[in-house]
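The next block is structure12.cif, given as mmCIF, C-alpha atoms.
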```
data_target
#
loop_
_atom_site.label_atom_id
_atom_site.label_comp_id
_atom_site.auth_asym_id
_atom_site.auth_seq_id
_atom_site.Cartn_x
_atom_site.Cartn_y
_atom_site.Cartn_z
CA MET A 13 -69.77 125.56 -54.54
CA ALA A 14 -65.98 125.03 -54.53
CA LYS A 15 -65.70 126.24 -50.93
CA LYS A 16 -68.50 123.91 -49.91
CA ARG A 17 -66.77 120.94 -51.55
CA TRP A 18 -63.40 121.62 -49.99
CA GLY A 19 -65.10 122.28 -46.69
CA GLY A 20 -66.60 118.82 -46.90
CA LEU A 21 -63.13 117.46 -47.62
CA ALA A 22 -61.80 119.14 -44.49
CA VAL A 23 -64.61 117.65 -42.37
CA ALA A 24 -63.93 114.20 -43.82
CA GLY A 25 -60.22 114.63 -43.13
CA ALA A 26 -60.91 115.55 -39.52
CA PHE A 27 -63.13 112.49 -39.19
CA LEU A 28 -60.37 110.25 -40.53
CA LEU A 29 -57.87 111.72 -38.12
CA THR A 30 -60.10 111.06 -35.12
CA LYS A 31 -61.70 107.77 -36.16
CA GLY A 32 -59.14 106.55 -38.69
CA LYS A 33 -57.43 104.19 -36.25
CA VAL A 34 -60.66 102.31 -35.68
CA ILE A 35 -61.31 102.02 -39.42
CA LEU A 36 -57.77 100.85 -40.14
CA ALA A 37 -57.97 98.27 -37.35
CA LEU A 38 -61.10 96.83 -38.95
CA LEU A 39 -59.64 96.81 -42.43
CA LYS A 40 -56.13 95.55 -41.80
CA PHE A 41 -57.43 92.03 -41.24
CA SER A 42 -59.24 92.13 -44.56
CA LYS A 43 -57.56 90.86 -47.73
CA PHE A 44 -58.97 93.87 -49.55
CA GLY A 45 -58.16 96.42 -46.87
CA GLY A 46 -55.73 98.38 -49.05
CA THR A 47 -58.20 98.37 -51.94
CA LEU A 48 -61.08 99.62 -49.80
CA ILE A 49 -59.01 102.33 -48.13
CA SER A 50 -57.56 103.64 -51.40
CA PHE A 51 -61.02 103.40 -53.02
CA GLY A 52 -62.54 105.49 -50.24
CA VAL A 53 -59.77 108.10 -50.32
CA SER A 54 -60.00 108.40 -54.10
CA LEU A 55 -63.78 108.71 -53.96
CA LEU A 56 -63.41 111.45 -51.37
CA PHE A 57 -61.15 113.49 -53.65
CA TYR A 58 -63.12 112.85 -56.84
CA ALA A 59 -66.38 113.71 -55.10
CA GLN A 60 -65.06 117.07 -53.96
CA VAL A 61 -63.77 117.99 -57.42
CA PHE A 62 -66.30 116.37 -59.78
CA GLY A 63 -69.24 115.37 -57.62
CA VAL A 64 -70.11 112.11 -55.91
CA TRP A 65 -71.78 110.29 -58.80
CA PHE A 66 -69.10 111.20 -61.30
CA GLY A 67 -66.52 109.96 -58.80
CA VAL A 68 -68.41 106.69 -58.41
CA GLY A 69 -68.60 106.28 -62.18
CA LEU A 70 -64.89 106.98 -62.65
CA LEU A 71 -63.90 104.51 -59.94
CA TYR A 72 -66.20 101.92 -61.51
CA LEU A 73 -64.28 102.25 -64.77
CA LEU A 74 -60.91 102.02 -63.05
CA PHE A 75 -61.98 99.06 -60.94
CA ILE A 76 -63.26 97.00 -63.88
CA HIS A 77 -60.11 97.85 -65.86
CA GLU A 78 -57.85 96.60 -63.06
CA MET A 79 -59.98 93.50 -62.54
CA GLY A 80 -59.31 92.69 -66.20
CA HIS A 81 -55.58 92.76 -65.47
CA LEU A 82 -56.15 90.70 -62.33
CA LEU A 83 -58.11 87.98 -64.13
CA ALA A 84 -55.50 87.83 -66.90
CA ALA A 85 -52.75 87.49 -64.27
CA LYS A 86 -54.64 84.68 -62.55
CA ARG A 87 -55.09 82.93 -65.90
CA LEU A 88 -51.32 83.08 -66.39
CA GLY A 89 -50.78 81.69 -62.90
CA PHE A 90 -49.18 84.88 -61.59
CA LYS A 91 -49.34 85.96 -57.97
CA THR A 92 -50.87 89.40 -57.54
CA GLY A 93 -51.36 92.03 -54.90
CA PRO A 94 -54.56 93.97 -54.25
CA ALA A 95 -55.75 96.80 -56.48
CA ILE A 96 -54.68 100.20 -55.17
CA PHE A 97 -56.40 103.42 -56.28
CA VAL A 98 -54.36 106.61 -56.57
CA PRO A 99 -56.36 109.87 -56.78
CA PHE A 100 -56.05 111.57 -60.19
CA MET A 101 -53.55 108.92 -61.35
CA GLY A 102 -55.74 105.82 -61.73
CA ALA A 103 -55.22 102.43 -60.14
CA VAL A 104 -52.64 99.64 -60.15
CA ILE A 105 -52.31 96.00 -59.13
CA GLY A 106 -49.03 94.49 -57.99
CA ILE A 107 -47.65 91.59 -60.05
CA LYS A 108 -45.36 89.45 -57.90
CA ASP A 109 -44.03 87.32 -60.76
CA THR A 110 -41.78 88.17 -63.69
CA PHE A 111 -42.89 87.96 -67.32
CA ARG A 112 -41.05 85.17 -69.10
CA THR A 113 -42.23 86.04 -72.62
CA PRO A 114 -43.71 89.10 -74.35
CA LYS A 115 -46.80 86.99 -75.03
CA GLN A 116 -47.48 86.76 -71.29
CA GLU A 117 -47.01 90.51 -70.91
CA ALA A 118 -49.35 91.15 -73.84
CA ILE A 119 -52.07 88.90 -72.40
CA LEU A 120 -51.91 90.57 -69.00
CA ALA A 121 -51.88 94.08 -70.50
CA TYR A 122 -54.71 93.26 -72.93
CA GLY A 123 -56.97 92.17 -70.07
CA GLY A 124 -57.38 95.73 -68.77
CA PRO A 125 -58.67 97.49 -71.91
CA LEU A 126 -60.73 94.43 -72.85
CA ALA A 127 -62.48 94.50 -69.47
CA GLY A 128 -62.78 98.26 -69.91
CA LEU A 129 -64.61 97.71 -73.17
CA LEU A 130 -66.99 95.26 -71.49
CA SER A 131 -67.59 97.78 -68.69
CA LEU A 132 -69.23 100.06 -71.25
CA ILE A 133 -72.08 97.62 -71.87
CA PRO A 134 -73.98 98.29 -68.58
CA LEU A 135 -73.47 102.02 -69.16
CA ALA A 136 -74.98 101.81 -72.65
CA ILE A 137 -77.93 99.84 -71.25
CA GLY A 138 -78.39 102.38 -68.48
CA TYR A 139 -78.50 105.21 -71.00
CA ALA A 140 -80.86 103.35 -73.32
CA VAL A 141 -83.27 102.58 -70.47
CA THR A 142 -83.22 105.88 -68.56
CA GLY A 143 -82.06 108.43 -71.11
CA ASN A 144 -80.02 110.02 -68.31
CA ASP A 145 -76.94 111.79 -69.65
CA PHE A 146 -74.89 110.59 -66.67
CA TRP A 147 -74.63 107.11 -68.19
CA LEU A 148 -73.52 108.55 -71.51
CA VAL A 149 -70.84 110.76 -69.93
CA ILE A 150 -69.34 107.83 -68.03
CA PHE A 151 -69.58 105.69 -71.18
CA HIS A 152 -67.66 108.32 -73.14
CA LEU A 153 -65.09 108.68 -70.37
CA GLY A 154 -64.58 104.91 -70.23
CA ALA A 155 -63.98 104.70 -73.96
CA LEU A 156 -61.49 107.59 -73.71
CA LEU A 157 -59.56 106.15 -70.75
CA ASN A 158 -59.19 102.71 -72.27
CA LEU A 159 -58.36 104.12 -75.69
CA PHE A 160 -55.66 106.31 -74.13
CA ASN A 161 -54.26 103.27 -72.33
CA LEU A 162 -53.79 101.58 -75.71
CA LEU A 163 -51.18 104.12 -76.81
CA PRO A 164 -48.09 102.07 -77.79
CA VAL A 165 -45.94 103.59 -75.05
CA SER A 166 -44.49 101.72 -72.10
CA PRO A 167 -45.67 101.65 -69.29
CA LEU A 168 -49.19 102.07 -70.75
CA ASP A 169 -51.08 98.91 -71.67
CA GLY A 170 -50.57 99.51 -75.38
CA GLY A 171 -46.79 99.56 -75.00
CA ARG A 172 -46.84 96.36 -72.98
CA ILE A 173 -49.16 94.63 -75.46
CA LEU A 174 -46.78 95.48 -78.30
CA ALA A 175 -43.56 94.78 -76.35
CA GLY A 176 -42.74 91.89 -78.71
CA LEU A 177 -42.90 94.06 -81.82
CA PRO A 178 -40.00 96.11 -83.25
CA ILE A 179 -38.91 99.11 -81.19
CA ILE A 180 -40.09 101.52 -83.91
CA VAL A 181 -43.64 100.93 -82.64
CA TRP A 182 -42.68 102.31 -79.22
CA VAL A 183 -40.84 105.22 -80.83
CA ALA A 184 -43.90 106.19 -82.93
CA GLY A 185 -46.20 106.04 -79.90
CA LEU A 186 -43.76 108.07 -77.82
CA ALA A 187 -43.46 110.76 -80.50
CA ALA A 188 -47.27 111.07 -80.71
CA LEU A 189 -47.60 111.29 -76.93
CA ILE A 190 -44.90 113.96 -76.61
CA ALA A 191 -46.43 116.02 -79.43
CA TYR A 192 -49.89 115.88 -77.87
CA GLY A 193 -48.54 116.56 -74.39
CA ILE A 194 -46.66 119.66 -75.56
CA THR A 195 -49.47 121.09 -77.69
CA ASN A 196 -51.97 120.61 -74.84
CA PHE A 197 -49.42 121.30 -72.07
CA SER A 198 -50.31 118.23 -70.02
CA LEU A 199 -47.81 117.47 -67.26
CA ILE A 200 -49.27 114.01 -66.71
CA LEU A 201 -48.83 113.10 -70.38
CA LEU A 202 -45.29 114.45 -70.36
CA LEU A 203 -44.54 112.45 -67.21
CA ILE A 204 -45.79 109.29 -68.93
CA ALA A 205 -43.69 110.24 -71.95
CA PHE A 206 -40.65 110.52 -69.68
CA PHE A 207 -41.10 106.95 -68.43
CA GLY A 208 -41.83 105.80 -71.97
CA GLY A 209 -38.69 107.48 -73.24
CA SER A 210 -36.65 105.78 -70.51
CA ALA A 211 -38.03 102.39 -71.57
CA VAL A 212 -37.25 103.08 -75.25
CA TRP A 213 -33.70 104.23 -74.43
CA LYS A 214 -33.05 101.19 -72.21
CA ARG A 215 -34.28 98.80 -74.88
CA TYR A 216 -32.24 100.55 -77.59
CA LYS A 217 -29.11 100.63 -75.40
CA PHE A 218 -29.36 96.91 -74.65
CA ALA A 219 -29.93 96.05 -78.33
CA LYS A 220 -26.90 98.10 -79.40
CA GLN A 221 -24.73 96.65 -76.62
CA TYR A 222 -25.67 93.10 -77.54
CA GLU A 223 -25.10 93.63 -81.25
CA GLU A 224 -21.63 95.09 -80.64
CA ASN A 225 -20.54 92.43 -78.13
CA ARG A 226 -22.17 89.23 -79.36
CA SER A 227 -18.79 87.69 -80.32
CA THR A 228 -17.28 88.73 -76.99
CA LEU A 229 -20.11 87.07 -75.09
CA MET A 230 -19.55 83.84 -77.03
CA LEU A 231 -15.83 84.01 -76.18
CA TYR A 232 -16.47 84.50 -72.47
CA ARG A 233 -18.95 81.63 -72.33
CA ALA A 234 -16.61 79.25 -74.14
CA ALA A 235 -13.75 80.32 -71.85
CA ARG A 236 -15.91 79.82 -68.79
CA GLU A 237 -16.76 76.26 -69.83
CA ARG A 238 -13.05 75.49 -70.31
CA VAL A 239 -12.12 76.99 -66.91
CA LEU A 240 -14.85 74.90 -65.24
CA ARG A 241 -13.37 71.77 -66.83
CA ALA A 242 -9.89 72.75 -65.66
CA LYS A 243 -11.20 73.32 -62.15
CA ALA A 244 -12.86 69.90 -62.15
CA GLU A 245 -9.62 68.29 -63.42
CA GLN A 246 -7.66 70.00 -60.66
CA GLU A 247 -10.11 68.84 -58.00
CA ARG A 248 -9.83 65.24 -59.26
CA ALA A 249 -6.04 65.45 -59.24
CA ASN A 250 -6.04 66.81 -55.69
CA ALA A 251 -8.37 63.99 -54.59
CA GLU A 252 -6.06 61.38 -56.15
CA VAL A 253 -3.07 62.86 -54.32
CA ALA A 254 -4.97 62.82 -51.03
CA LEU A 255 -5.88 59.15 -51.48
CA ALA A 256 -2.40 58.04 -52.58
CA PRO A 257 -0.29 56.15 -49.98
CA GLU A 258 2.13 58.32 -48.08
CA VAL A 259 5.77 58.10 -49.17
CA GLU A 260 8.84 59.50 -47.55
CA GLU A 261 9.56 62.96 -48.80
CA GLU A 262 12.72 63.18 -50.83
CA GLN A 263 14.66 66.32 -51.21
CA THR A 264 13.83 67.09 -54.78
CA VAL A 265 13.48 70.30 -56.64
CA GLU A 266 9.75 71.12 -56.91
CA SER A 267 8.57 71.71 -60.41
CA THR A 268 6.51 74.82 -61.13
CA TYR A 269 5.00 73.13 -64.16
CA ASP A 270 1.23 72.73 -63.80
CA PRO A 271 -0.09 70.55 -66.65
CA ILE A 272 -3.72 71.48 -66.06
CA ALA A 273 -3.04 75.25 -66.00
CA TRP A 274 -0.80 74.89 -69.06
CA SER A 275 -3.48 72.92 -70.92
CA LEU A 276 -6.03 75.61 -70.04
CA ARG A 277 -3.70 78.29 -71.35
CA LEU A 278 -3.29 76.47 -74.67
CA ASP A 279 -7.08 76.15 -74.98
CA LEU A 280 -7.56 79.86 -74.24
CA GLN A 281 -4.98 80.65 -76.91
CA ASP A 282 -6.93 78.49 -79.36
CA LEU A 283 -10.10 80.37 -78.41
CA ARG A 284 -8.32 83.64 -79.08
CA GLN A 285 -7.25 82.49 -82.54
CA ALA A 286 -10.80 81.33 -83.36
CA SER A 287 -12.47 84.50 -82.06
CA PRO A 288 -13.54 87.34 -84.37
CA GLU A 289 -11.33 90.42 -84.43
CA GLU A 290 -13.64 92.41 -82.12
CA ALA A 291 -13.17 89.84 -79.34
CA ARG A 292 -9.36 89.57 -79.53
CA GLN A 293 -8.68 92.23 -76.91
CA GLU A 294 -10.91 90.48 -74.36
CA ALA A 295 -9.23 87.16 -75.18
CA ASP A 296 -5.80 88.71 -74.54
CA ASP A 297 -7.06 90.05 -71.23
CA LEU A 298 -8.18 86.55 -70.18
CA LEU A 299 -4.79 85.09 -71.15
CA ARG A 300 -2.92 87.68 -69.10
CA TYR A 301 -5.17 87.16 -66.11
CA GLN A 302 -4.91 83.37 -66.35
CA TYR A 303 -1.14 83.65 -66.34
CA ASP A 304 -1.12 85.96 -63.30
CA ALA A 305 -3.73 83.95 -61.41
CA ALA A 306 -1.81 80.67 -61.99
CA ASN A 307 -4.25 77.91 -61.05
CA ASP A 308 -6.72 80.08 -59.10
CA TYR A 309 -9.70 78.97 -61.13
CA ASP A 310 -12.28 80.58 -58.85
CA ALA A 311 -10.67 83.98 -59.35
CA LEU A 312 -10.69 83.47 -63.12
CA LEU A 313 -14.35 82.43 -63.05
CA ARG A 314 -15.28 85.52 -61.03
CA ARG A 315 -13.50 87.73 -63.55
CA ILE A 316 -15.28 86.08 -66.47
CA ASP A 317 -18.67 86.32 -64.72
CA GLN A 318 -18.10 90.05 -64.13
CA ARG A 319 -17.61 90.47 -67.88
CA ILE A 320 -20.57 88.26 -68.79
CA GLU A 321 -23.20 89.82 -66.50
CA PRO A 322 -23.86 93.15 -68.33
CA LEU A 323 -23.77 91.39 -71.70
CA ARG A 324 -26.16 88.71 -70.42
CA LEU A 325 -28.67 91.40 -69.39
CA ALA A 326 -28.46 92.92 -72.86
CA GLU A 327 -28.92 89.51 -74.47
CA GLU A 328 -31.96 88.74 -72.30
CA SER A 329 -33.55 92.08 -73.24
CA VAL A 330 -33.06 91.44 -76.96
CA GLN A 331 -34.33 87.87 -76.77
CA TYR A 332 -37.31 88.89 -74.64
CA HIS A 333 -38.55 91.39 -77.24
CA GLN A 334 -38.23 88.91 -80.13
CA MET A 335 -41.75 87.57 -80.53
CA PRO A 336 -42.33 85.02 -83.34
CA LYS A 337 -43.80 86.52 -86.51
CA LYS A 338 -47.09 84.65 -86.17
CA GLN A 339 -47.55 85.88 -82.59
CA GLN A 340 -46.64 89.39 -83.71
CA THR A 341 -49.39 89.30 -86.34
CA ILE A 342 -52.01 87.93 -83.93
CA THR A 343 -51.05 90.43 -81.23
CA LEU A 344 -51.14 93.38 -83.63
CA LEU A 345 -54.53 92.36 -85.08
CA ALA A 346 -56.04 91.91 -81.60
CA TYR A 347 -54.60 95.28 -80.56
CA LEU A 348 -55.98 97.08 -83.63
CA ALA A 349 -59.40 95.43 -83.28
CA LEU A 350 -59.77 96.47 -79.65
CA GLY A 351 -58.54 99.97 -80.44
CA ALA A 352 -60.95 100.30 -83.35
CA ILE A 353 -63.98 99.27 -81.26
CA LEU A 354 -63.05 101.66 -78.47
CA PHE A 355 -62.49 104.46 -80.99
CA ILE A 356 -65.92 103.87 -82.54
CA ALA A 357 -67.51 103.89 -79.07
CA PHE A 358 -65.68 107.12 -78.23
CA GLU A 359 -66.62 108.92 -81.44
CA TYR A 360 -70.21 107.67 -81.46
CA SER A 361 -70.88 108.73 -77.86
CA LYS A 362 -69.24 112.11 -78.44
CA GLY A 363 -72.00 113.02 -80.85
CA TYR A 364 -74.66 112.52 -78.15
CA LEU A 365 -72.92 114.29 -75.28
CA PRO A 366 -74.95 117.10 -73.69
CA THR A 367 -73.76 120.53 -74.66
CA PRO A 368 -72.75 122.77 -71.75
CA SER A 369 -75.34 125.44 -71.08
#
```
Since I need it in another form, could you write the structure as structure tokens?
Amino acid sequence: MAKKRWGGLAVAGAFLLTKGKVILALLKFSKFGGTLISFGVSLLFYAQVFGVWFGVGLLYLLFIHEMGHLLAAKRLGFKTGPAIFVPFMGAVIGIKDTFRTPKQEAILAYGGPLAGLLSLIPLAIGYAVTGNDFWLVIFHLGALLNLFNLLPVSPLDGGRILAGLPIIVWVAGLAALIAYGITNFSLILLLIAFFGGSAVWKRYKFAKQYEENRSTLMLYRAARERVLRAKAEQERANAEVALAPEVEEEQTVESTYDPIAWSLRLDLQDLRQASPEEARQEADDLLRYQYDAANDYDALLRRIDQRIEPLRLAEESVQYHQMPKKQQTITLLAYLALGAILFIAFEYSKGYLPTPS
């Protein structure tokens, strides 16, 4: 049977090599060309390994799940790409916009498992009407896939739904996934755990960096505002000189005193005195650089921006994951309710599965 299946795969591969150009030419003008091609390729692989109808059922589950994400993205006003199926890995849709809040990310992530739950209804009806075990098997598989996706590990849907909750939620989900992946020796689960661990580490690193450098970031921002004012004052002074009537140059000794630069230096010294102890070293560095750069305000701004950028990224990460308490409660309750229904569907259908002969 296995030889026959892989033989069929070889014949289909030869057909694609000879006629594939014609098929691609017909599909490339279609908005759903990538979806149809990846759907067909995935069906080809699933059919050879599991059988045609099981492959169709699995792709039905994946398609409805991704359409849930797509509808949620459209509701949020996000631009999306087509759904792409990847054999033995699932399916994905491209999101061309960036999440602005964890609530948006939760809504989009929640759409997939919710649609997955709804996809079980036709399967339950099919089993009730026909009594065919095929419907029950796909029902059980759908409950399992969507329940697995609710694990609180990024990049799974569960991790994205709970992105606005404390990081301990991600850590607990990651620990459970690693334990299960090791005990069952699943490379796919361990690969997901690797990405999840990277997300946890990145979030933790940003939180630690922001907490340790919050005073420094405030210093840099205050200094930047003062440098911008000094630059504007210098530009106004230069404009006044350019508009002033020309006078005969007298041989006088040019003064090196720059009142604007000196005023800026005094303000930076005041900032240093007002800064917490952990920001004093950075304040001293700005004073030294301001003295060396004289009145090159653009150079000083570039230096400040170089210091601000990594701290700004850390701040944005921390602020992004701070969901209001009320939203946290609503999100957690919705997550637990969906998980509970899927778990009941999974356990209930497991009791009716046909036993292998």
Could you list, as a short mmCIF file (atom, residue, chain, number, x, y, z; two decimals) with C-alpha atoms, in the frame of the given file, every residue within 12 Å of range 294-309 of chain A, counting all atoms listed in the file and ignoring same-chain residues fewer than 2 positions away?
```cif
data_model
loop_
_atom_site.label_atom_id
_atom_site.label_comp_id
_atom_site.auth_asym_id
_atom_site.auth_seq_id
_atom_site.Cartn_x
_atom_site.Cartn_y
_atom_site.Cartn_z
CA ASN A 225 -20.54 92.43 -78.13
CA SER A 227 -18.79 87.69 -80.32
CA THR A 228 -17.28 88.73 -76.99
CA LEU A 229 -20.11 87.07 -75.09
CA MET A 230 -19.55 83.84 -77.03
CA LEU A 231 -15.83 84.01 -76.18
CA TYR A 232 -16.47 84.50 -72.47
CA ARG A 233 -18.95 81.63 -72.33
CA ALA A 234 -16.61 79.25 -74.14
CA ALA A 235 -13.75 80.32 -71.85
CA ARG A 236 -15.91 79.82 -68.79
CA GLU A 237 -16.76 76.26 -69.83
CA ARG A 238 -13.05 75.49 -70.31
CA VAL A 239 -12.12 76.99 -66.91
CA LEU A 240 -14.85 74.90 -65.24
CA ARG A 241 -13.37 71.77 -66.83
CA ALA A 242 -9.89 72.75 -65.66
CA LYS A 243 -11.20 73.32 -62.15
CA ALA A 244 -12.86 69.90 -62.15
CA GLU A 245 -9.62 68.29 -63.42
CA GLN A 246 -7.66 70.00 -60.66
CA GLU A 247 -10.11 68.84 -58.00
CA THR A 268 6.51 74.82 -61.13
CA TYR A 269 5.00 73.13 -64.16
CA ASP A 270 1.23 72.73 -63.80
CA PRO A 271 -0.09 70.55 -66.65
CA ILE A 272 -3.72 71.48 -66.06
CA ALA A 273 -3.04 75.25 -66.00
CA TRP A 274 -0.80 74.89 -69.06
CA SER A 275 -3.48 72.92 -70.92
CA LEU A 276 -6.03 75.61 -70.04
CA ARG A 277 -3.70 78.29 -71.35
CA LEU A 278 -3.29 76.47 -74.67
CA ASP A 279 -7.08 76.15 -74.98
CA LEU A 280 -7.56 79.86 -74.24
CA GLN A 281 -4.98 80.65 -76.91
CA ASP A 282 -6.93 78.49 -79.36
CA LEU A 283 -10.10 80.37 -78.41
CA ARG A 284 -8.32 83.64 -79.08
CA GLN A 285 -7.25 82.49 -82.54
CA ALA A 286 -10.80 81.33 -83.36
CA SER A 287 -12.47 84.50 -82.06
CA PRO A 288 -13.54 87.34 -84.37
CA GLU A 289 -11.33 90.42 -84.43
CA GLU A 290 -13.64 92.41 -82.12
CA ALA A 291 -13.17 89.84 -79.34
CA ARG A 292 -9.36 89.57 -79.53
CA ALA A 311 -10.67 83.98 -59.35
CA LEU A 312 -10.69 83.47 -63.12
CA LEU A 313 -14.35 82.43 -63.05
CA ARG A 314 -15.28 85.52 -61.03
CA ARG A 315 -13.50 87.73 -63.55
CA ILE A 316 -15.28 86.08 -66.47
CA ASP A 317 -18.67 86.32 -64.72
CA ARG A 319 -17.61 90.47 -67.88
CA ILE A 320 -20.57 88.26 -68.79
#
```
**Report entry** Selection result for the PyMOL selection byres ((chain A and resi 136-147) around 12) on this file, as a PyMOL selection string
**Finding:** chain A and resi 63-70+72-73+129-135+148-155+357+360-362+364-368
**Report entry** Nearest to Leu71 in chain A by atom-to-atom distance, counting all atoms listed in the file, from A:Ile179, A:Leu156, A:Ala187, A:Ala59
**Finding:**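 Nearest candidate to Leu71 in chain A out of A:Ile179, A:Leu156, A:Ala187, A:Ala59: A:Ala59.
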Requested in this report: Would you translate the PyMOL selection byres ((chain A and resi 121) around 7) into the concrete set of residues it matches in this file, as a ChimeraX atom specification?
Outcome: /A:81,117-120,122-124,169,172-173
Report task. Write out as a VMD selection string the residues lying within 7 Å of Phe97 in chain A, counting all atoms listed in the file and excluding same-chain residues fewer than 2 positions away. Result -> chain A and resid 47 50 to 51 54 95 99 102 to 104
Kindly export the residues of the current selection with C-alpha atoms, as a compact mmCIF listing (two decimals), keeping the file's coordinate frame.
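Final file, selection29.txt:
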```
# COMPACT_ATOMS: atom_id res chain seq x y z
CA THR A 47 -58.20 98.37 -51.94
CA SER A 50 -57.56 103.64 -51.40
CA PHE A 51 -61.02 103.40 -53.02
CA SER A 54 -60.00 108.40 -54.10
CA ALA A 95 -55.75 96.80 -56.48
CA PRO A 99 -56.36 109.87 -56.78
CA GLY A 102 -55.74 105.82 -61.73
CA ALA A 103 -55.22 102.43 -60.14
CA VAL A 104 -52.64 99.64 -60.15
```
Query raised in the report: When you draw a straight line from CA of Leu159 in chain A to CA of Pro125 in chain A, how long is it in Å?
Result: 7.6 Å
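Using all atoms listed in the file for every distance, the candidate list A:Val61, A:Leu325, A:Leu344, A:Ala85 yields A:Ala85 as the residue closest to Gly106 in chain A.
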**Report entry** Distance in Å - CA of Leu56 in chain A versus CA of Phe75 in chain A
**Finding:**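 Those two atoms sit 15.7 Å apart.
The smallest atom-to-atom distance between Lys108 in chain A and any of A:Leu162, A:Phe206, A:Phe197, A:Lys91, using all atoms listed in the file, is found for A:Lys91.
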Report summary line: The residue from A:Gly351, A:Gly185, A:Pro336, A:Gly80 with the smallest atom-to-atom distance to Gly171 in chain A, counting all atoms listed in the file, is A:Gly185
Query raised in the report: Between A:Met79, A:Leu126, A:Leu48, A:Leu55, which is the closest to Leu354 in chain A once you count only C-alpha atoms?
Result: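 Answer, going by the shortest atom-to-atom distance: A:Leu126.
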**Report entry** Å distance separating CA of Arg324 in chain A from CA of Arg226 in chain A, one decimal place
**Finding:**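 A separation of 9.8 Å between them.
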Query raised in the report: With distances taken over all atoms listed in the file, which of A:Ala127, A:Ile342, A:Ile96, A:Ala191 is nearest to Ile76 in chain A?
Result: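 Residue with the minimum atom-to-atom distance to Ile76 in chain A: A:Ala127.
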Where atoms are lacking, range 328-339 of chain A completed to N, CA and C atoms, as an mmCIF file, in the frame of the given file:
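Okay, this is what ended up in result09.cif:
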```cif
data_model
loop_
_atom_site.group_PDB
_atom_site.id
_atom_site.type_symbol
_atom_site.label_atom_id
_atom_site.label_comp_id
_atom_site.auth_asym_id
_atom_site.auth_seq_id
_atom_site.Cartn_x
_atom_site.Cartn_y
_atom_site.Cartn_z
ATOM 1 N N GLU A 328 -30.622 89.094 -72.772
ATOM 2 C CA GLU A 328 -31.960 88.740 -72.300
ATOM 3 C C GLU A 328 -32.990 89.758 -72.776
ATOM 4 N N SER A 329 -32.628 91.044 -72.776
ATOM 5 C CA SER A 329 -33.550 92.080 -73.240
ATOM 6 C C SER A 329 -33.877 91.885 -74.721
ATOM 7 N N VAL A 330 -32.848 91.629 -75.517
ATOM 8 C CA VAL A 330 -33.060 91.440 -76.960
ATOM 9 C C VAL A 330 -33.909 90.202 -77.217
ATOM 10 N N GLN A 331 -33.585 89.106 -76.553
ATOM 11 C CA GLN A 331 -34.330 87.870 -76.770
ATOM 12 C C GLN A 331 -35.768 87.986 -76.273
ATOM 13 N N TYR A 332 -35.964 88.742 -75.176
ATOM 14 C CA TYR A 332 -37.310 88.890 -74.640
ATOM 15 C C TYR A 332 -38.235 89.583 -75.646
ATOM 16 N N HIS A 333 -37.727 90.593 -76.325
ATOM 17 C CA HIS A 333 -38.550 91.390 -77.240
ATOM 18 C C HIS A 333 -38.666 90.775 -78.631
ATOM 19 N N GLN A 334 -38.134 89.570 -78.825
ATOM 20 C CA GLN A 334 -38.230 88.910 -80.130
ATOM 21 C C GLN A 334 -39.390 87.923 -80.115
ATOM 22 N N MET A 335 -40.563 88.414 -80.444
ATOM 23 C CA MET A 335 -41.750 87.570 -80.530
ATOM 24 C C MET A 335 -41.816 86.945 -81.919
ATOM 25 N N PRO A 336 -42.191 85.657 -82.016
ATOM 26 C CA PRO A 336 -42.330 85.020 -83.340
ATOM 27 C C PRO A 336 -43.275 85.807 -84.241
ATOM 28 N N LYS A 337 -43.032 85.731 -85.544
ATOM 29 C CA LYS A 337 -43.800 86.520 -86.510
ATOM 30 C C LYS A 337 -45.303 86.253 -86.422
ATOM 31 N N LYS A 338 -45.671 84.984 -86.249
ATOM 32 C CA LYS A 338 -47.090 84.650 -86.170
ATOM 33 C C LYS A 338 -47.729 85.303 -84.946
ATOM 34 N N GLN A 339 -47.039 85.237 -83.803
ATOM 35 C CA GLN A 339 -47.550 85.880 -82.590
ATOM 36 C C GLN A 339 -47.605 87.387 -82.757
#
```
